[in-house]
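Heads up: the structure comes next, in structure tokens.
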Amino acid sequence: MSCERYQRMLHLHRSGELTEREEAELRRHLHICERCSVERERIERADLSIRRLRETGPTLRDPDRLTRSILEHIPAPRRKGFVDRLLDAMLTPAVRHASAAFVLAAVGSFLFQYYSTLDDLANLEQKLARGSQTQFVPGVIYSINSNTLRNLPDRRELQSLPFLKEYPVSDDSFSITQRRLRSLVPFLDLLSPATPSLLHAAGLNKKQIDAVVGFLQKNATLSFTFSKEGV
Amino acid sequence: MHETSDQTTRQLVLRSKEGDLAAFDKLVRGCQSYAYSIAVHLLCDEDEAEEVVQESFIRVWTYLHRYDQRQKFTTWLYRIVTNLCLDHFRAAKRRSRLFSSIEEDDHVETIADPQSLDPVQPSDEMIRIVKSLTDRLPTKQRLVFVLRDLEDLPVSEVSEITRVSVASIKTNLHYARRTIRALLETEYGIKRVEP
């Protein structure tokens with residue numbers, strides 16, 4: 001290898017400038033090369049002068065005056081705007097912890113409600129499944145008791161109830177087929193086993209029904225009866 | 001950094017960012033002499049160096065909100081100082097081109113041998129010697145030589161300040177030292193031993 005490379009290394013011999021490998025290589029070369037050894041001595045002599053320059057560092061003539069002059073010339077402290085102050089406030093640990101707690105609480109609440117709703121739906125599904133297995137006995141009277149029915153002015157509005165809407169009600173009665181009754185499964189909660197009812201729909205004509213409805217409007221609850229078709 | 005520890009500097013920087021003038025005062029007192037040293041070595045003029053230091057700290061105060069805390073504060077400060085010095089070089093070059101016919105070298109100064117310098121006392125002589133040596137270097141070599149050999153900063157920090165790769169720093173350092181050593185032999189009579 002040429003001496004030129006080693007002499008380049010000689011110019012870079014301060015700590016951290018050569019790798020360990022390069023230093024070892026250079027040491028081995030200097031051991032055998034007189035020319036490079038002389039060059040090293042020359043460099044070292046010059047370096048003494050550079051070191052002296054380094055040690056004779058410049059000193060400020062009047063440090064206090066310079067400091068004062070700097071402070072006199074700096075612009076007035078910047079007044080922080082609303083956004084800056086808000087960002088500063090948000091960067092404080094207290095706000096960060098409070099935000100983290102709020103987010104955790106919100107997520108927790110959401111998960112709790114989500115799983116509770118799922119639970120409720122599962123219960124409802126089970127209830128409906130049980131209801132769908134209910135056997136309706138032909139000829140038996142079923143009644144619906146509901147406080148919401150109390151305010152119905154007449155039976156035409158009775159048909160506007162969601163579960164009766166699609167079932168025509170005859171002039172004389174609230175007859176409904178058992179087949180259709182089964183499709184009312186979602187409303188099984190409103191159905192109760194038949195008991196002798198105040199209103200036996202099968203035999204009542206319009207006038208009688210109106211009378212009964214009128215009576216029930218004034219009283220607590222309305223009951224009406226589904227019966228087997230044709231009864 | 002010599003006069004304040006890194007931890008103290010960090011605290012002072014944080015408080016200065018909040019507009020605390022007392023903290024900034026301490027920060028300036030802690031760092032100004034080192035900033036001044038770099039400026040003098042680069043500009044070789046004490047008045048200009050003071051101006052640069054003053055301007056540097058004004059910029060520090062103005063742009064402190066942009067300072068990245070992960071970086072060493074002094075590295076950031078030295079970059080500002082060196083950039084301002086480079087601006088001075090450019091301005092001086094423009095001036096010298098303008099007045100080149102007037103500024104003829106009509107006198108030769110006698111400069112002392114660097115080895116005779118008193119390491120304790122501040123010395124105008126030192127400034128003149130540095131000037132006579134570094135004036136012959138290209139700007140990048142001059143910058144690298146001053147930061148590494150006269151300010152004794154590690155190569156990695158010189159690289160951060162100048163934003164030049166470590167490999168390029170070493171190359172420039174090699175050429176700068178070779179020139180300086182040759183100058184020391186020719187100008188100051190440091191004997192060259194022939195093999």
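Letters A, B, ... go to the chains of the structure tokens in the order shown; residues in each chain start at 1; ligands are counted from 1 in the same order.
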Using only C-alpha atoms, which chain A residues lie at most 8 Å away from chain B, written as a PyMOL selection string? chain A and resi 8+11-12+16-17+34-35+38+42-43+45-60+63+66-67+69-71+73-75+77-78
Keeping N, CA and C atoms for every residue in the selection just given, could you write it to a file as a short mmCIF file (atom, residue, chain, number, x, y, z; two decimals), in the first residue's frame?
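Saved as again_28.cif:
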```
data_model
loop_
_atom_site.label_atom_id
_atom_site.label_comp_id
_atom_site.auth_asym_id
_atom_site.auth_seq_id
_atom_site.Cartn_x
_atom_site.Cartn_y
_atom_site.Cartn_z
N ARG A 8 -2.07 10.36 4.76
CA ARG A 8 -3.42 10.92 4.94
C ARG A 8 -3.92 10.54 6.33
N HIS A 11 -2.64 12.64 9.15
CA HIS A 11 -3.32 13.92 9.36
C HIS A 11 -4.63 13.76 10.11
N LEU A 12 -5.05 12.51 10.26
CA LEU A 12 -6.32 12.24 10.95
C LEU A 12 -6.07 11.32 12.15
N GLY A 16 -11.11 9.37 17.54
CA GLY A 16 -12.39 9.28 16.83
C GLY A 16 -12.30 9.53 15.34
N GLU A 17 -11.13 9.80 14.84
CA GLU A 17 -11.02 10.09 13.42
C GLU A 17 -10.61 8.87 12.60
N GLU A 34 10.47 4.57 7.31
CA GLU A 34 11.17 5.70 7.89
C GLU A 34 10.60 7.02 7.40
N ARG A 35 10.24 7.04 6.13
CA ARG A 35 9.72 8.26 5.52
C ARG A 35 8.45 8.74 6.24
N VAL A 38 9.17 10.05 9.78
CA VAL A 38 9.66 11.43 9.77
C VAL A 38 8.48 12.39 9.56
N ARG A 42 7.10 15.51 11.94
CA ARG A 42 6.84 16.84 11.39
C ARG A 42 5.42 17.30 11.74
N ILE A 43 4.50 16.38 11.57
CA ILE A 43 3.10 16.71 11.88
C ILE A 43 2.95 17.01 13.36
N ARG A 45 5.11 18.21 15.42
CA ARG A 45 5.67 19.53 15.76
C ARG A 45 4.69 20.64 15.38
N ALA A 46 4.10 20.49 14.20
CA ALA A 46 3.12 21.50 13.77
C ALA A 46 1.91 21.49 14.70
N ASP A 47 1.58 20.30 15.16
CA ASP A 47 0.40 20.17 16.03
C ASP A 47 0.58 20.87 17.37
N LEU A 48 1.83 20.96 17.80
CA LEU A 48 2.09 21.68 19.05
C LEU A 48 1.63 23.13 18.91
N SER A 49 1.88 23.69 17.74
CA SER A 49 1.47 25.08 17.50
C SER A 49 -0.04 25.19 17.45
N ILE A 50 -0.69 24.21 16.81
CA ILE A 50 -2.17 24.25 16.73
C ILE A 50 -2.75 24.11 18.14
N ARG A 51 -2.10 23.24 18.93
CA ARG A 51 -2.61 23.05 20.30
C ARG A 51 -2.48 24.34 21.10
N ARG A 52 -1.35 25.03 20.89
CA ARG A 52 -1.16 26.29 21.60
C ARG A 52 -2.23 27.31 21.19
N LEU A 53 -2.57 27.30 19.91
CA LEU A 53 -3.64 28.21 19.44
C LEU A 53 -4.97 27.86 20.11
N ARG A 54 -5.19 26.54 20.23
CA ARG A 54 -6.44 26.09 20.85
C ARG A 54 -6.51 26.53 22.31
N GLU A 55 -5.38 26.39 22.99
CA GLU A 55 -5.35 26.73 24.43
C GLU A 55 -5.44 28.23 24.66
N THR A 56 -4.98 29.00 23.67
CA THR A 56 -5.06 30.45 23.81
C THR A 56 -6.39 30.93 23.24
N GLY A 57 -7.44 30.40 23.80
CA GLY A 57 -8.77 30.73 23.28
C GLY A 57 -9.08 32.20 23.49
N PRO A 58 -9.86 32.78 22.60
CA PRO A 58 -10.20 34.19 22.75
C PRO A 58 -11.09 34.39 23.99
N THR A 59 -10.89 35.50 24.66
CA THR A 59 -11.70 35.79 25.85
C THR A 59 -12.50 37.05 25.60
N LEU A 60 -13.75 37.00 26.01
CA LEU A 60 -14.61 38.18 25.85
C LEU A 60 -14.04 39.35 26.64
N PRO A 63 -17.87 40.51 29.19
CA PRO A 63 -19.03 39.59 29.04
C PRO A 63 -20.34 40.22 29.50
N LEU A 66 -21.81 42.48 26.86
CA LEU A 66 -22.39 41.73 25.74
C LEU A 66 -23.76 41.14 26.13
N THR A 67 -23.83 40.59 27.36
CA THR A 67 -25.11 40.02 27.81
C THR A 67 -26.19 41.10 27.84
N SER A 69 -26.29 43.86 26.24
CA SER A 69 -26.60 44.29 24.88
C SER A 69 -27.56 43.30 24.20
N ILE A 70 -27.32 42.01 24.43
CA ILE A 70 -28.20 40.99 23.83
C ILE A 70 -29.61 41.15 24.38
N LEU A 71 -29.71 41.28 25.72
CA LEU A 71 -31.04 41.35 26.34
C LEU A 71 -31.79 42.63 25.93
N HIS A 73 -31.61 43.96 23.04
CA HIS A 73 -32.01 43.88 21.63
C HIS A 73 -33.04 42.80 21.32
N ILE A 74 -33.30 41.94 22.28
CA ILE A 74 -34.26 40.87 21.94
C ILE A 74 -35.68 41.43 21.95
N PRO A 75 -36.52 40.92 21.08
CA PRO A 75 -37.91 41.41 21.04
C PRO A 75 -38.65 41.04 22.33
N PRO A 77 -41.20 39.47 24.99
CA PRO A 77 -41.73 38.10 24.99
C PRO A 77 -43.04 38.03 24.23
N ARG A 78 -43.12 37.01 23.42
CA ARG A 78 -44.29 36.81 22.57
C ARG A 78 -45.51 36.49 23.44
#
```
Can you check which residues of chain B DSSP gives as alpha helix (DSSP H) on the backbone and send them as an MDAnalysis selection string? chainID B and resid 6:17 21:43 46:63 73:98 124:134 139:145 155:162 166:188
Please provide the set of residues having any atom within 9 Å of Leu30 (chain A), restricted to only C-alpha atoms, with same-chain residues fewer than 5 positions apart removed, written as a ChimeraX atom specification. /A:6,25,35-37,40
Pick from B:Leu153, B:Ala92, B:Leu43, B:Leu147 nearest to Asn172 (chain B), counting only C-alpha atoms: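 Residue with the minimum atom-to-atom distance to Asn172 (chain B): B:Leu147.
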Selected residue, from B:Arg95, B:Arg10, B:Arg90, B:Arg128, that lies nearest to Lys72 (chain B) when counting only C-alpha atoms: B:Arg10
Using only C-alpha atoms, which residues sit within 12 Å of Thr139 (chain B) once same-chain residues fewer than 2 positions away are excluded, as a VMD selection string? chain B and resid 42 to 43 82 to 83 85 to 90 93 134 to 137 141 to 146 162 172 to 173 176
With C-alpha atoms retained, could you export that selection as a short mmCIF file (atom, residue, chain, number, x, y, z; two decimals), in the first residue's frame?
```
data_model
loop_
_atom_site.label_atom_id
_atom_site.label_comp_id
_atom_site.auth_asym_id
_atom_site.auth_seq_id
_atom_site.Cartn_x
_atom_site.Cartn_y
_atom_site.Cartn_z
CA LEU B 42 -13.88 32.05 12.12
CA LEU B 43 -14.00 35.81 11.56
CA THR B 82 -21.44 29.45 12.04
CA ASN B 83 -24.23 30.32 9.58
CA CYS B 85 -20.22 33.85 10.20
CA LEU B 86 -20.63 32.37 6.72
CA ASP B 87 -22.96 35.26 5.87
CA HIS B 88 -20.19 37.61 7.00
CA PHE B 89 -17.68 35.80 4.76
CA ARG B 90 -19.96 36.19 1.78
CA LYS B 93 -16.08 38.61 -0.35
CA THR B 134 -7.12 30.08 7.96
CA ASP B 135 -7.42 32.85 5.38
CA ARG B 136 -5.74 30.54 2.90
CA LEU B 137 -8.30 27.79 3.38
CA GLN B 141 -12.03 23.51 5.29
CA ARG B 142 -11.77 26.62 7.43
CA LEU B 143 -15.05 25.84 9.16
CA VAL B 144 -14.10 22.23 9.82
CA PHE B 145 -10.59 23.14 11.03
CA VAL B 146 -11.91 25.78 13.44
CA THR B 162 -22.23 21.94 9.39
CA ASN B 172 -11.82 18.45 4.52
CA LEU B 173 -9.98 18.11 7.82
CA ALA B 176 -7.01 21.75 5.99
#
```
Would you work out the distance separating CA of Leu77 (chain B) from CA of Cys31 (chain B), expressed in Å to one decimal? 8.7 Å
